[in-house]
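Asks: Can you read through this structure? Questions will come right after.
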Amino acid sequence: MTDIFYPFQWIADKLTYELFGINPETHLAASVNFIIYDVLKIFFLLSVMIFAISYIRTYITPEKTRKVLGGKKGLRYHLMASLIGTVSPFCSCSSVPLFIGFVEAGVPLGVTFSFLITSPLVNEAAVAVLWATLGFKATAIYVVSGIVLGVFGGYLIGVLKLEKYVEEFVYKIKVGNTAVGQENLSVKERAGTAFEGVKEIVGKVWIYVIIGVSIGGIFHGYAPEGILAKYAGEDNLFAVPIAVILGVPLYSNVMGMIPVVESLIGKGLPIGTSLAFLMSVTAVSFPEMIILKKVLKKELIAIFVSIVAASIIFTGYLFNILL
Amino acid sequence: MKIEILGTGCAKCKKTKEAIEKVLKENGKEAEVVKVEDFETILNYGVMITPAVVVDGEVKIAGKVPNEEDIREWVA
């Protein structure tokens, strides 16, 4: 099978070896080639992916979502909430209004959490960058794990009956009806919205991508082979939990972290450990916790973080064993 | 005219406010522009994704920064 990304490799080779005239045998050539190839591939996939998901998103509004999920119990609805989470926009500043909106529509707490867990974990920008750097298989594993995590985590929260740890005022808020409909948009309008999505997200993340790819490129070119296999390999049982803990404070830079992780994998960091690290970067973030603190009591936040962190660690071990 | 910008202080809400003020100034229009950060009011308007813009009590847009064309239409 021909690699569909072959043209990017071709451009990277031409630029590195011919235009810049760098000797292919050198560390510098390895770094420069890695950086050019990654940047091209990442921005290509980012644009395509964000466009596609933003287009689909014009059909999914929070109003519809909460109507569909209102008053529904059972694993099926956890799965549905989690799947909707994968294509929903996530800005942590919207998590509170969404949470209240869901609760008010009678969406069970556990189902709401299935949405809240998967939504930041599986977002189109992270998926695009993952795909560009780690390949399709690792990306598929990441996405499926993100969904399973949301379903399982939300289900557990539902079973534990934690409604009492939601701040009382949440149950008193009445959600009005909005007239902003996205129901009757034309294809052109949807495409326009999708294109704006591309501009907005690429405009926001490009700097992190460039920084991440540059760090990754330097590491790729200059770090000794197998260095990480030696210190953070599969036989080091502490590697996964440490990776998860390290991931928490790095929340906003996942686009930059992914190319760095790509280079770490190249030097022997196991794939399970790598994915666990990236999941913890996206799923558990301090700012989001602080925002959620407005509607959730600290007990519930602690349970939420523990369940998510434990599941991510488990996922990391699982894929270190399986792959 | 009263223009309310709903949002809990994220970067996009700031951009929305700047865009609206710019269009108002360019078109020589006067309007009372206020930021609404309290969840209850935001949700009473039925808005779950911020930023959102409410003009004279009517929700015009939710979940994204409006472009200048949209704003011109609202303030016309």
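Naming scheme: A, B, ... for chains in displayed order of the structure tokens; residues 1 onward per chain; ligands 1 onward as shown.
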Using only C-alpha atoms, find which residues of chain A lie within 6 Å of chain B and jot them down as a PyMOL selection string.
Replies: chain A and resi 94+97-98+174-178
Asks: Could you take the residues named above and write them with C-alpha atoms, as a PDB file, in the first residue's frame?
Replies:
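Writing done, so here's part.pdb:
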```pdb
ATOM      1  CA  SER A  94     -18.892  25.987  28.506  1.00  0.00           C
ATOM      2  CA  PRO A  97     -23.684  25.805  31.465  1.00  0.00           C
ATOM      3  CA  LEU A  98     -23.739  22.475  29.629  1.00  0.00           C
ATOM      4  CA  LYS A 174     -34.650  27.058  34.858  1.00  0.00           C
ATOM      5  CA  VAL A 175     -33.271  26.796  31.381  1.00  0.00           C
ATOM      6  CA  GLY A 176     -35.063  28.921  28.824  1.00  0.00           C
ATOM      7  CA  ASN A 177     -35.737  28.086  25.212  1.00  0.00           C
ATOM      8  CA  THR A 178     -33.438  29.569  22.659  1.00  0.00           C
TER       9      THR A 178
END
```
Asks: Can you pull out every residue within 12 Å of Ala19 (chain B), counting only C-alpha atoms, but drop anything in the same chain fewer than 3 positions away, and send it as an MDAnalysis selection string?
Replies: chainID B and resid 5 12:16 22:26 33 53 65:72
Asks: Given the selection you just returned, output its residues as a file containing N, CA and C atoms, formatted as a compact mmCIF listing (two decimals), in the first residue's frame.
Replies:
```txt
# COMPACT_ATOMS: atom_id res chain seq x y z
N ILE B 5 -23.58 40.23 26.34
CA ILE B 5 -22.65 39.18 25.91
C ILE B 5 -22.59 38.16 27.04
N LYS B 12 -12.85 33.93 24.10
CA LYS B 12 -13.80 34.18 23.01
C LYS B 12 -14.82 35.25 23.38
N CYS B 13 -15.16 35.32 24.69
CA CYS B 13 -16.14 36.32 25.09
C CYS B 13 -15.55 37.72 24.94
N LYS B 14 -14.27 37.83 25.24
CA LYS B 14 -13.60 39.11 25.11
C LYS B 14 -13.58 39.55 23.66
N LYS B 15 -13.28 38.58 22.78
CA LYS B 15 -13.24 38.86 21.34
C LYS B 15 -14.60 39.32 20.86
N THR B 16 -15.66 38.67 21.37
CA THR B 16 -17.01 39.02 20.97
C THR B 16 -17.30 40.47 21.33
N LYS B 22 -16.44 47.44 18.09
CA LYS B 22 -15.83 47.95 16.87
C LYS B 22 -16.92 48.30 15.84
N VAL B 23 -17.85 47.36 15.64
CA VAL B 23 -18.91 47.59 14.65
C VAL B 23 -19.79 48.78 15.05
N LEU B 24 -20.08 48.88 16.34
CA LEU B 24 -20.90 50.00 16.82
C LEU B 24 -20.22 51.33 16.50
N LYS B 25 -18.93 51.37 16.77
CA LYS B 25 -18.18 52.59 16.56
C LYS B 25 -18.12 52.95 15.08
N GLU B 26 -17.83 51.94 14.26
CA GLU B 26 -17.73 52.17 12.82
C GLU B 26 -19.02 52.69 12.21
N VAL B 33 -23.67 48.00 26.03
CA VAL B 33 -23.06 46.67 25.91
C VAL B 33 -22.66 46.17 27.30
N VAL B 53 -24.66 36.03 22.24
CA VAL B 53 -25.02 37.45 22.17
C VAL B 53 -26.53 37.59 22.20
N VAL B 65 -17.89 33.21 18.20
CA VAL B 65 -17.71 34.65 18.07
C VAL B 65 -18.41 35.09 16.79
N PRO B 66 -19.31 36.08 16.88
CA PRO B 66 -20.02 36.50 15.66
C PRO B 66 -19.07 37.22 14.71
N ASN B 67 -19.32 37.12 13.40
CA ASN B 67 -18.51 37.92 12.49
C ASN B 67 -19.14 39.30 12.32
N GLU B 68 -18.37 40.21 11.76
CA GLU B 68 -18.82 41.61 11.71
C GLU B 68 -20.10 41.79 10.92
N GLU B 69 -20.27 40.96 9.89
CA GLU B 69 -21.47 41.04 9.08
C GLU B 69 -22.72 40.80 9.94
N ASP B 70 -22.65 39.71 10.74
CA ASP B 70 -23.77 39.39 11.64
C ASP B 70 -24.08 40.59 12.53
N ILE B 71 -23.03 41.13 13.14
CA ILE B 71 -23.24 42.22 14.09
C ILE B 71 -23.87 43.43 13.42
N ARG B 72 -23.39 43.74 12.22
CA ARG B 72 -23.95 44.89 11.50
C ARG B 72 -25.47 44.72 11.31
```
Asks: Can you tell me, as number ranges by chain, what residues are no more than 9 Å from Val205 (chain A) when counting only C-alpha atoms, ignoring any on the same chain fewer than 6 positions away?
Replies: A: 125, 253, 255-256
Asks: Determine the nearest neighbour of Glu104 (chain A) from the options A:Ile303, A:Leu69, A:Leu250, A:Val159, counting only C-alpha atoms.
Replies: A:Leu69
Asks: Quick one: residues within 10 Å of Ala132 (chain A), only C-alpha atoms, excluding same-chain residues fewer than 6 positions away - as a PyMOL selection string?
Replies: chain A and resi 5+37-46+126+139+258-259+262
Asks: Using DSSP on the backbone coordinates, identify all residues within region 26-56 of chain B classified as strand (DSSP E or B); present the result as a PyMOL selection string.
Replies: chain B and resi 32-36+52-55
Asks: So what do you get for CA of Trp74 (chain B) versus CA of Asn184 (chain A), distance-wise?
Replies: 19.6 Å
Asks: So, counting only C-alpha atoms, which residue among A:Leu296, A:Ile117, A:Met49, A:Ile218 is closest to Val284 (chain A)?
Replies: A:Ile117
Asks: Using DSSP on the backbone, list every residue of region 67-192 of chain A that comes out as helix (DSSP H, G or I), and give them as a count of residues only.
Replies: 91
